[in-house]
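Heads up, target.txt below (compact mmCIF, N, CA and C atoms):
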# COMPACT_ATOMS: atom_id res chain seq x y z
N MET U 2 -72.48 109.64 59.08
CA MET U 2 -73.30 110.25 58.06
C MET U 2 -74.63 109.50 57.97
N VAL U 3 -75.70 110.23 57.99
CA VAL U 3 -77.04 109.65 57.90
C VAL U 3 -77.49 109.72 56.45
N ARG U 4 -77.91 108.61 55.93
CA ARG U 4 -78.37 108.55 54.55
C ARG U 4 -79.88 108.75 54.48
N THR U 5 -80.32 109.60 53.57
CA THR U 5 -81.75 109.85 53.39
C THR U 5 -82.40 108.59 52.84
N PRO U 6 -83.52 108.16 53.44
CA PRO U 6 -84.20 106.97 52.93
C PRO U 6 -84.63 107.15 51.47
N LEU U 7 -84.56 106.07 50.72
CA LEU U 7 -84.96 106.11 49.32
C LEU U 7 -86.47 106.14 49.20
N THR U 8 -86.94 106.79 48.16
CA THR U 8 -88.37 106.83 47.88
C THR U 8 -88.78 105.51 47.22
N PRO U 9 -90.06 105.20 47.23
CA PRO U 9 -90.52 104.00 46.52
C PRO U 9 -90.13 104.03 45.03
N GLU U 10 -90.18 105.19 44.41
CA GLU U 10 -89.80 105.29 42.99
C GLU U 10 -88.31 104.98 42.80
N GLU U 11 -87.48 105.42 43.72
CA GLU U 11 -86.05 105.11 43.62
C GLU U 11 -85.81 103.61 43.76
N HIS U 12 -86.55 102.97 44.64
CA HIS U 12 -86.43 101.52 44.76
C HIS U 12 -86.87 100.83 43.47
N LEU U 13 -87.99 101.27 42.90
CA LEU U 13 -88.47 100.68 41.64
C LEU U 13 -87.48 100.90 40.51
N ARG U 14 -86.91 102.09 40.45
CA ARG U 14 -85.92 102.39 39.41
C ARG U 14 -84.70 101.48 39.56
N GLY U 15 -84.28 101.23 40.80
CA GLY U 15 -83.17 100.32 41.04
C GLY U 15 -83.49 98.90 40.63
N GLU U 16 -84.72 98.47 40.90
CA GLU U 16 -85.14 97.13 40.46
C GLU U 16 -85.17 97.03 38.95
N ARG U 17 -85.64 98.09 38.27
CA ARG U 17 -85.65 98.09 36.80
C ARG U 17 -84.24 98.03 36.25
N LEU U 18 -83.32 98.79 36.87
CA LEU U 18 -81.92 98.75 36.44
C LEU U 18 -81.37 97.34 36.60
N GLY U 19 -81.63 96.72 37.73
CA GLY U 19 -81.13 95.36 37.96
C GLY U 19 -81.66 94.37 36.93
N ARG U 20 -82.96 94.45 36.63
CA ARG U 20 -83.55 93.56 35.62
C ARG U 20 -82.93 93.79 34.26
N LEU U 21 -82.74 95.05 33.89
CA LEU U 21 -82.15 95.38 32.60
C LEU U 21 -80.72 94.84 32.50
N LEU U 22 -79.95 95.00 33.55
CA LEU U 22 -78.57 94.50 33.53
C LEU U 22 -78.53 92.98 33.44
N ARG U 23 -79.40 92.31 34.19
CA ARG U 23 -79.46 90.84 34.10
C ARG U 23 -79.84 90.40 32.70
N GLU U 24 -80.84 91.08 32.13
CA GLU U 24 -81.30 90.75 30.78
C GLU U 24 -80.18 90.96 29.77
N ALA U 25 -79.48 92.07 29.88
CA ALA U 25 -78.40 92.38 28.94
C ALA U 25 -77.21 91.43 29.11
N ARG U 26 -76.96 90.99 30.34
CA ARG U 26 -75.86 90.06 30.60
C ARG U 26 -76.14 88.70 30.00
N GLY U 27 -77.41 88.30 29.98
CA GLY U 27 -77.78 87.02 29.39
C GLY U 27 -77.06 85.87 30.05
N ARG U 28 -76.41 85.05 29.24
CA ARG U 28 -75.71 83.87 29.75
C ARG U 28 -74.26 84.16 30.12
N ARG U 29 -73.84 85.41 29.93
CA ARG U 29 -72.46 85.75 30.28
C ARG U 29 -72.27 85.71 31.79
N SER U 30 -71.10 85.35 32.20
CA SER U 30 -70.78 85.22 33.61
C SER U 30 -70.82 86.57 34.32
N MET U 31 -71.40 86.57 35.51
CA MET U 31 -71.42 87.77 36.34
C MET U 31 -69.99 88.21 36.65
N VAL U 32 -69.12 87.25 36.90
CA VAL U 32 -67.72 87.55 37.21
C VAL U 32 -67.03 88.22 36.03
N ASP U 33 -67.27 87.72 34.82
CA ASP U 33 -66.64 88.31 33.63
C ASP U 33 -67.12 89.74 33.38
N ILE U 34 -68.43 89.97 33.52
CA ILE U 34 -68.97 91.32 33.30
C ILE U 34 -68.45 92.26 34.37
N ALA U 35 -68.45 91.81 35.62
CA ALA U 35 -67.95 92.65 36.72
C ALA U 35 -66.49 93.00 36.49
N ARG U 36 -65.69 92.02 36.10
CA ARG U 36 -64.27 92.27 35.84
C ARG U 36 -64.11 93.28 34.71
N SER U 37 -64.89 93.13 33.63
CA SER U 37 -64.81 94.07 32.50
C SER U 37 -65.18 95.49 32.92
N ALA U 38 -66.10 95.60 33.88
CA ALA U 38 -66.55 96.91 34.35
C ALA U 38 -65.66 97.46 35.46
N GLY U 39 -64.75 96.65 35.98
CA GLY U 39 -63.87 97.10 37.04
C GLY U 39 -64.53 97.16 38.41
N ILE U 40 -65.53 96.30 38.62
CA ILE U 40 -66.21 96.23 39.91
C ILE U 40 -66.18 94.79 40.40
N SER U 41 -66.58 94.59 41.63
CA SER U 41 -66.61 93.22 42.16
C SER U 41 -67.90 92.52 41.71
N ALA U 42 -67.83 91.21 41.66
CA ALA U 42 -69.02 90.43 41.32
C ALA U 42 -70.11 90.65 42.37
N GLU U 43 -69.71 90.85 43.63
CA GLU U 43 -70.69 91.09 44.69
C GLU U 43 -71.42 92.41 44.46
N THR U 44 -70.71 93.43 44.00
CA THR U 44 -71.36 94.72 43.69
C THR U 44 -72.36 94.53 42.57
N LEU U 45 -71.97 93.82 41.51
CA LEU U 45 -72.89 93.56 40.41
C LEU U 45 -74.10 92.77 40.91
N ARG U 46 -73.87 91.78 41.75
CA ARG U 46 -74.97 90.97 42.30
C ARG U 46 -75.94 91.86 43.07
N LYS U 47 -75.42 92.77 43.88
CA LYS U 47 -76.29 93.67 44.66
C LYS U 47 -77.10 94.58 43.74
N ILE U 48 -76.48 95.07 42.68
CA ILE U 48 -77.20 95.94 41.74
C ILE U 48 -78.28 95.14 41.02
N GLU U 49 -77.92 93.96 40.54
CA GLU U 49 -78.88 93.14 39.79
C GLU U 49 -80.07 92.70 40.65
N THR U 50 -79.85 92.51 41.93
CA THR U 50 -80.94 92.06 42.80
C THR U 50 -81.70 93.21 43.44
N GLY U 51 -81.27 94.44 43.19
CA GLY U 51 -81.96 95.59 43.76
C GLY U 51 -81.53 95.94 45.16
N ARG U 52 -80.54 95.23 45.70
CA ARG U 52 -80.05 95.54 47.05
C ARG U 52 -79.18 96.79 47.05
N ALA U 53 -78.73 97.23 45.89
CA ALA U 53 -77.98 98.49 45.75
C ALA U 53 -78.72 99.30 44.68
N PRO U 54 -79.87 99.89 45.04
CA PRO U 54 -80.73 100.53 44.04
C PRO U 54 -80.21 101.84 43.47
N THR U 55 -79.18 102.43 44.09
CA THR U 55 -78.66 103.71 43.58
C THR U 55 -77.14 103.63 43.42
N PRO U 56 -76.66 102.81 42.49
CA PRO U 56 -75.21 102.71 42.30
C PRO U 56 -74.65 104.02 41.75
N ALA U 57 -73.37 104.21 41.95
CA ALA U 57 -72.69 105.41 41.47
C ALA U 57 -72.77 105.51 39.94
N PHE U 58 -72.81 106.73 39.44
CA PHE U 58 -72.89 106.97 38.00
C PHE U 58 -71.78 106.23 37.25
N PHE U 59 -70.55 106.32 37.75
CA PHE U 59 -69.43 105.70 37.04
C PHE U 59 -69.53 104.18 37.05
N THR U 60 -70.14 103.61 38.07
CA THR U 60 -70.38 102.17 38.09
C THR U 60 -71.38 101.78 37.01
N VAL U 61 -72.45 102.54 36.91
CA VAL U 61 -73.46 102.27 35.89
C VAL U 61 -72.86 102.46 34.49
N ALA U 62 -72.07 103.51 34.31
CA ALA U 62 -71.44 103.75 33.01
C ALA U 62 -70.49 102.61 32.64
N ALA U 63 -69.73 102.12 33.61
CA ALA U 63 -68.80 101.02 33.35
C ALA U 63 -69.56 99.74 32.99
N LEU U 64 -70.66 99.48 33.68
CA LEU U 64 -71.47 98.31 33.36
C LEU U 64 -72.11 98.43 31.99
N ALA U 65 -72.60 99.62 31.66
CA ALA U 65 -73.18 99.84 30.33
C ALA U 65 -72.15 99.54 29.26
N GLY U 66 -70.93 100.03 29.45
CA GLY U 66 -69.87 99.76 28.48
C GLY U 66 -69.56 98.29 28.37
N ALA U 67 -69.48 97.59 29.49
CA ALA U 67 -69.17 96.16 29.48
C ALA U 67 -70.26 95.34 28.82
N LEU U 68 -71.50 95.85 28.89
CA LEU U 68 -72.64 95.12 28.32
C LEU U 68 -73.04 95.62 26.93
N GLY U 69 -72.38 96.66 26.45
CA GLY U 69 -72.70 97.19 25.12
C GLY U 69 -74.00 97.97 25.09
N LEU U 70 -74.37 98.58 26.21
CA LEU U 70 -75.58 99.39 26.29
C LEU U 70 -75.21 100.87 26.29
N SER U 71 -76.08 101.69 25.74
CA SER U 71 -75.85 103.13 25.80
C SER U 71 -76.45 103.68 27.09
N MET U 72 -75.89 104.75 27.58
CA MET U 72 -76.43 105.39 28.78
C MET U 72 -77.83 105.93 28.49
N ASP U 73 -78.06 106.40 27.27
CA ASP U 73 -79.40 106.88 26.91
C ASP U 73 -80.43 105.76 27.05
N GLU U 74 -80.08 104.58 26.57
CA GLU U 74 -80.99 103.44 26.66
C GLU U 74 -81.26 103.07 28.12
N LEU U 75 -80.21 103.06 28.92
CA LEU U 75 -80.40 102.76 30.34
C LEU U 75 -81.32 103.78 31.00
N LEU U 76 -81.12 105.03 30.70
CA LEU U 76 -81.97 106.08 31.27
C LEU U 76 -83.43 105.87 30.88
N LEU U 77 -83.67 105.65 29.60
CA LEU U 77 -85.05 105.45 29.14
C LEU U 77 -85.69 104.23 29.79
N ARG U 78 -84.94 103.14 29.86
CA ARG U 78 -85.50 101.90 30.41
C ARG U 78 -85.72 101.97 31.91
N CYS U 79 -84.86 102.67 32.62
CA CYS U 79 -84.97 102.71 34.08
C CYS U 79 -85.91 103.80 34.57
N ALA U 80 -86.16 104.79 33.75
CA ALA U 80 -87.03 105.89 34.16
C ALA U 80 -88.50 105.54 33.98
N ARG U 81 -88.79 104.51 33.19
CA ARG U 81 -90.18 104.13 32.91
C ARG U 81 -90.43 102.71 33.34
N GLU U 82 -91.68 102.33 33.22
CA GLU U 82 -92.04 100.94 33.50
C GLU U 82 -91.30 100.03 32.53
N PRO U 83 -90.93 98.82 32.94
CA PRO U 83 -90.12 97.94 32.11
C PRO U 83 -90.70 97.61 30.74
N ASP U 84 -92.01 97.54 30.61
CA ASP U 84 -92.60 97.18 29.33
C ASP U 84 -92.78 98.37 28.40
N ALA U 85 -92.48 99.57 28.88
CA ALA U 85 -92.75 100.78 28.11
C ALA U 85 -91.76 100.98 26.96
N VAL U 86 -90.50 100.56 27.15
CA VAL U 86 -89.48 100.78 26.14
C VAL U 86 -88.75 99.46 25.91
N PRO U 87 -88.85 98.88 24.71
CA PRO U 87 -88.19 97.60 24.45
C PRO U 87 -86.67 97.77 24.40
N LEU U 88 -85.95 96.73 24.79
CA LEU U 88 -84.49 96.72 24.74
C LEU U 88 -84.05 96.57 23.31
N ALA U 89 -83.22 97.51 22.83
CA ALA U 89 -82.69 97.43 21.46
C ALA U 89 -81.71 96.27 21.41
N GLY U 90 -81.69 95.60 20.30
CA GLY U 90 -80.79 94.44 20.24
C GLY U 90 -80.09 94.41 19.01

Structure re-expressed in structure tokens:
Amino acid sequence: MVRTPLTPEEHLRGERLGRLLREARGRRSMVDIARSAGISAETLRKIETGRAPTPAFFTVAALAGALGLSMDELLLRCAREPDAVPLAG
């Protein structure tokens, strides 16, 4: 199967998602958050670093739940520039 190359905007959106997840995780362990979300720490690491810029919907939903974020908030933050919408706390 040949995968369609990602657009520059898709790469940027993946980087924004990774930054948001790192910010929301704070000082909590990557292993603990990954375990709570039912994914591997390596998968979380790839998402946070932008090496997996288009994770599956259910992976993102599980991470949002583990971090106490709403999917609406993730959508708003990842669809725009990072400074455009502040993280609710």

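We find CA of Glu10 in chain U and atom N of Arg29 in chain U to be spaced 28.6 Å apart.
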
Would you kindly return, as a compact mmCIF listing (two decimals) with N, CA and C atoms, keeping the file's coordinate frame, each protein, DNA or RNA residue with an atom no farther than 12 Å from any atom of Met31 in chain U, considering only C-alpha atoms and excluding same-chain residues fewer than 2 positions away?
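Once written, selection-v4.txt looks like this:
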# COMPACT_ATOMS: atom_id res chain seq x y z
N LEU U 22 -79.95 95.00 33.55
CA LEU U 22 -78.57 94.50 33.53
C LEU U 22 -78.53 92.98 33.44
N ARG U 23 -79.40 92.31 34.19
CA ARG U 23 -79.46 90.84 34.10
C ARG U 23 -79.84 90.40 32.70
N GLU U 24 -80.84 91.08 32.13
CA GLU U 24 -81.30 90.75 30.78
C GLU U 24 -80.18 90.96 29.77
N ALA U 25 -79.48 92.07 29.88
CA ALA U 25 -78.40 92.38 28.94
C ALA U 25 -77.21 91.43 29.11
N ARG U 26 -76.96 90.99 30.34
CA ARG U 26 -75.86 90.06 30.60
C ARG U 26 -76.14 88.70 30.00
N GLY U 27 -77.41 88.30 29.98
CA GLY U 27 -77.78 87.02 29.39
C GLY U 27 -77.06 85.87 30.05
N ARG U 28 -76.41 85.05 29.24
CA ARG U 28 -75.71 83.87 29.75
C ARG U 28 -74.26 84.16 30.12
N ARG U 29 -73.84 85.41 29.93
CA ARG U 29 -72.46 85.75 30.28
C ARG U 29 -72.27 85.71 31.79
N ASP U 33 -67.27 87.72 34.82
CA ASP U 33 -66.64 88.31 33.63
C ASP U 33 -67.12 89.74 33.38
N ILE U 34 -68.43 89.97 33.52
CA ILE U 34 -68.97 91.32 33.30
C ILE U 34 -68.45 92.26 34.37
N ALA U 35 -68.45 91.81 35.62
CA ALA U 35 -67.95 92.65 36.72
C ALA U 35 -66.49 93.00 36.49
N ARG U 36 -65.69 92.02 36.10
CA ARG U 36 -64.27 92.27 35.84
C ARG U 36 -64.11 93.28 34.71
N SER U 37 -64.89 93.13 33.63
CA SER U 37 -64.81 94.07 32.50
C SER U 37 -65.18 95.49 32.92
N ALA U 38 -66.10 95.60 33.88
CA ALA U 38 -66.55 96.91 34.35
C ALA U 38 -65.66 97.46 35.46
N ILE U 40 -65.53 96.30 38.62
CA ILE U 40 -66.21 96.23 39.91
C ILE U 40 -66.18 94.79 40.40
N SER U 41 -66.58 94.59 41.63
CA SER U 41 -66.61 93.22 42.16
C SER U 41 -67.90 92.52 41.71
N ALA U 42 -67.83 91.21 41.66
CA ALA U 42 -69.02 90.43 41.32
C ALA U 42 -70.11 90.65 42.37
N GLU U 43 -69.71 90.85 43.63
CA GLU U 43 -70.69 91.09 44.69
C GLU U 43 -71.42 92.41 44.46
N THR U 44 -70.71 93.43 44.00
CA THR U 44 -71.36 94.72 43.69
C THR U 44 -72.36 94.53 42.57
N LEU U 45 -71.97 93.82 41.51
CA LEU U 45 -72.89 93.56 40.41
C LEU U 45 -74.10 92.77 40.91
N ARG U 46 -73.87 91.78 41.75
CA ARG U 46 -74.97 90.97 42.30
C ARG U 46 -75.94 91.86 43.07
N LYS U 47 -75.42 92.77 43.88
CA LYS U 47 -76.29 93.67 44.66
C LYS U 47 -77.10 94.58 43.74
N ILE U 48 -76.48 95.07 42.68
CA ILE U 48 -77.20 95.94 41.74
C ILE U 48 -78.28 95.14 41.02
N GLU U 49 -77.92 93.96 40.54
CA GLU U 49 -78.88 93.14 39.79
C GLU U 49 -80.07 92.70 40.65
N LEU U 64 -70.66 99.48 33.68
CA LEU U 64 -71.47 98.31 33.36
C LEU U 64 -72.11 98.43 31.99
N ALA U 67 -69.48 97.59 29.49
CA ALA U 67 -69.17 96.16 29.48
C ALA U 67 -70.26 95.34 28.82
N LEU U 68 -71.50 95.85 28.89
CA LEU U 68 -72.64 95.12 28.32
C LEU U 68 -73.04 95.62 26.93

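Relative to atom N of Arg52 in chain U, atom N of Leu75 in chain U is found at 18.5 Å.
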
Item checked: Best match for closeness to Ala80 in chain U among U:Gly51, U:Gly15, U:Gly66, U:Pro56, counting only C-alpha atoms ->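 For Ala80 in chain U, the nearest of the given residues is U:Gly15.
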
Next item on the list: Taking the chain letters and numbering used in this document, name the residues of chain U that DSSP puts in helix (DSSP H, G or I), as a PyMOL selection string.
Entry: chain U and resi 9-26+31-38+42-50+58-68+72-80

Checklist line | Within 8 Å of His12 in chain U using all atoms listed in the file, minus same-chain residues under 4 positions, as an MDAnalysis selection string | finding: chainID U and resid 7:8 16:18 51 54:55

Report, as lines of an AutoDock Vina configuration file, the axis-aligned box around all atoms of range 29-39 of chain U present in the file, extended by 4 Å on each side; give centre and edge lengths in Å to one decimal place.
center_x = -68.9
center_y = 91.3
center_z = 34.2
size_x = 18.0
size_y = 20.2
size_z = 16.5

Next item on the list: Would you please work out which residue, of U:Leu21, U:Ala63, U:Cys79, U:Met2, is nearest to Thr50 in chain U when using only C-alpha atoms?
Entry: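 Counting only C-alpha atoms, the residue closest to Thr50 in chain U is U:Leu21.
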
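Interatomic distance, atom N of Arg78 in chain U to atom C of Gly39 in chain U: 22.9 Å.
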
Can you put all heavy atoms back into range 56-67 of chain U and show it as a compact mmCIF listing (two decimals), keeping the file's coordinate frame?
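Wrote rebuild.txt, looks like this:
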# COMPACT_ATOMS: atom_id res chain seq x y z
N PRO U 56 -76.66 102.81 42.49
CA PRO U 56 -75.21 102.71 42.30
C PRO U 56 -74.65 104.02 41.75
O PRO U 56 -75.37 104.82 41.15
CB PRO U 56 -75.06 101.57 41.28
CG PRO U 56 -76.36 101.51 40.58
CD PRO U 56 -77.40 101.96 41.56
N ALA U 57 -73.37 104.21 41.95
CA ALA U 57 -72.69 105.41 41.47
C ALA U 57 -72.77 105.51 39.94
O ALA U 57 -72.79 104.49 39.24
CB ALA U 57 -71.22 105.39 41.90
N PHE U 58 -72.81 106.73 39.44
CA PHE U 58 -72.89 106.97 38.00
C PHE U 58 -71.78 106.23 37.25
O PHE U 58 -72.03 105.59 36.23
CB PHE U 58 -72.81 108.48 37.71
CG PHE U 58 -72.71 108.78 36.25
CD1 PHE U 58 -73.85 108.80 35.46
CD2 PHE U 58 -71.48 109.01 35.65
CE1 PHE U 58 -73.77 109.06 34.10
CE2 PHE U 58 -71.40 109.26 34.29
CZ PHE U 58 -72.54 109.29 33.51
N PHE U 59 -70.55 106.32 37.75
CA PHE U 59 -69.43 105.70 37.04
C PHE U 59 -69.53 104.18 37.05
O PHE U 59 -69.08 103.52 36.11
CB PHE U 59 -68.10 106.19 37.61
CG PHE U 59 -67.87 107.65 37.33
CD1 PHE U 59 -68.01 108.59 38.33
CD2 PHE U 59 -67.57 108.08 36.05
CE1 PHE U 59 -67.83 109.94 38.07
CE2 PHE U 59 -67.39 109.43 35.78
CZ PHE U 59 -67.52 110.36 36.78
N THR U 60 -70.14 103.61 38.07
CA THR U 60 -70.38 102.17 38.09
C THR U 60 -71.38 101.78 37.01
O THR U 60 -71.16 100.82 36.26
CB THR U 60 -70.89 101.74 39.48
OG1 THR U 60 -69.92 102.07 40.47
CG2 THR U 60 -71.19 100.25 39.52
N VAL U 61 -72.45 102.54 36.91
CA VAL U 61 -73.46 102.27 35.89
C VAL U 61 -72.86 102.46 34.49
O VAL U 61 -73.09 101.64 33.59
CB VAL U 61 -74.71 103.16 36.08
CG1 VAL U 61 -75.70 102.96 34.94
CG2 VAL U 61 -75.36 102.87 37.42
N ALA U 62 -72.07 103.51 34.31
CA ALA U 62 -71.44 103.75 33.01
C ALA U 62 -70.49 102.61 32.64
O ALA U 62 -70.45 102.16 31.48
CB ALA U 62 -70.70 105.09 33.02
N ALA U 63 -69.73 102.12 33.61
CA ALA U 63 -68.80 101.02 33.35
C ALA U 63 -69.56 99.74 32.99
O ALA U 63 -69.17 99.01 32.07
CB ALA U 63 -67.90 100.78 34.55
N LEU U 64 -70.66 99.48 33.68
CA LEU U 64 -71.47 98.31 33.36
C LEU U 64 -72.11 98.43 31.99
O LEU U 64 -72.16 97.46 31.23
CB LEU U 64 -72.55 98.10 34.43
CG LEU U 64 -72.04 97.52 35.74
CD1 LEU U 64 -73.11 97.64 36.83
CD2 LEU U 64 -71.61 96.08 35.55
N ALA U 65 -72.60 99.62 31.66
CA ALA U 65 -73.18 99.84 30.33
C ALA U 65 -72.15 99.54 29.26
O ALA U 65 -72.45 98.85 28.27
CB ALA U 65 -73.70 101.27 30.21
N GLY U 66 -70.93 100.03 29.45
CA GLY U 66 -69.87 99.76 28.48
C GLY U 66 -69.56 98.29 28.37
O GLY U 66 -69.39 97.76 27.26
N ALA U 67 -69.48 97.59 29.49
CA ALA U 67 -69.17 96.16 29.48
C ALA U 67 -70.26 95.34 28.82
O ALA U 67 -70.00 94.29 28.25
CB ALA U 67 -68.94 95.68 30.92
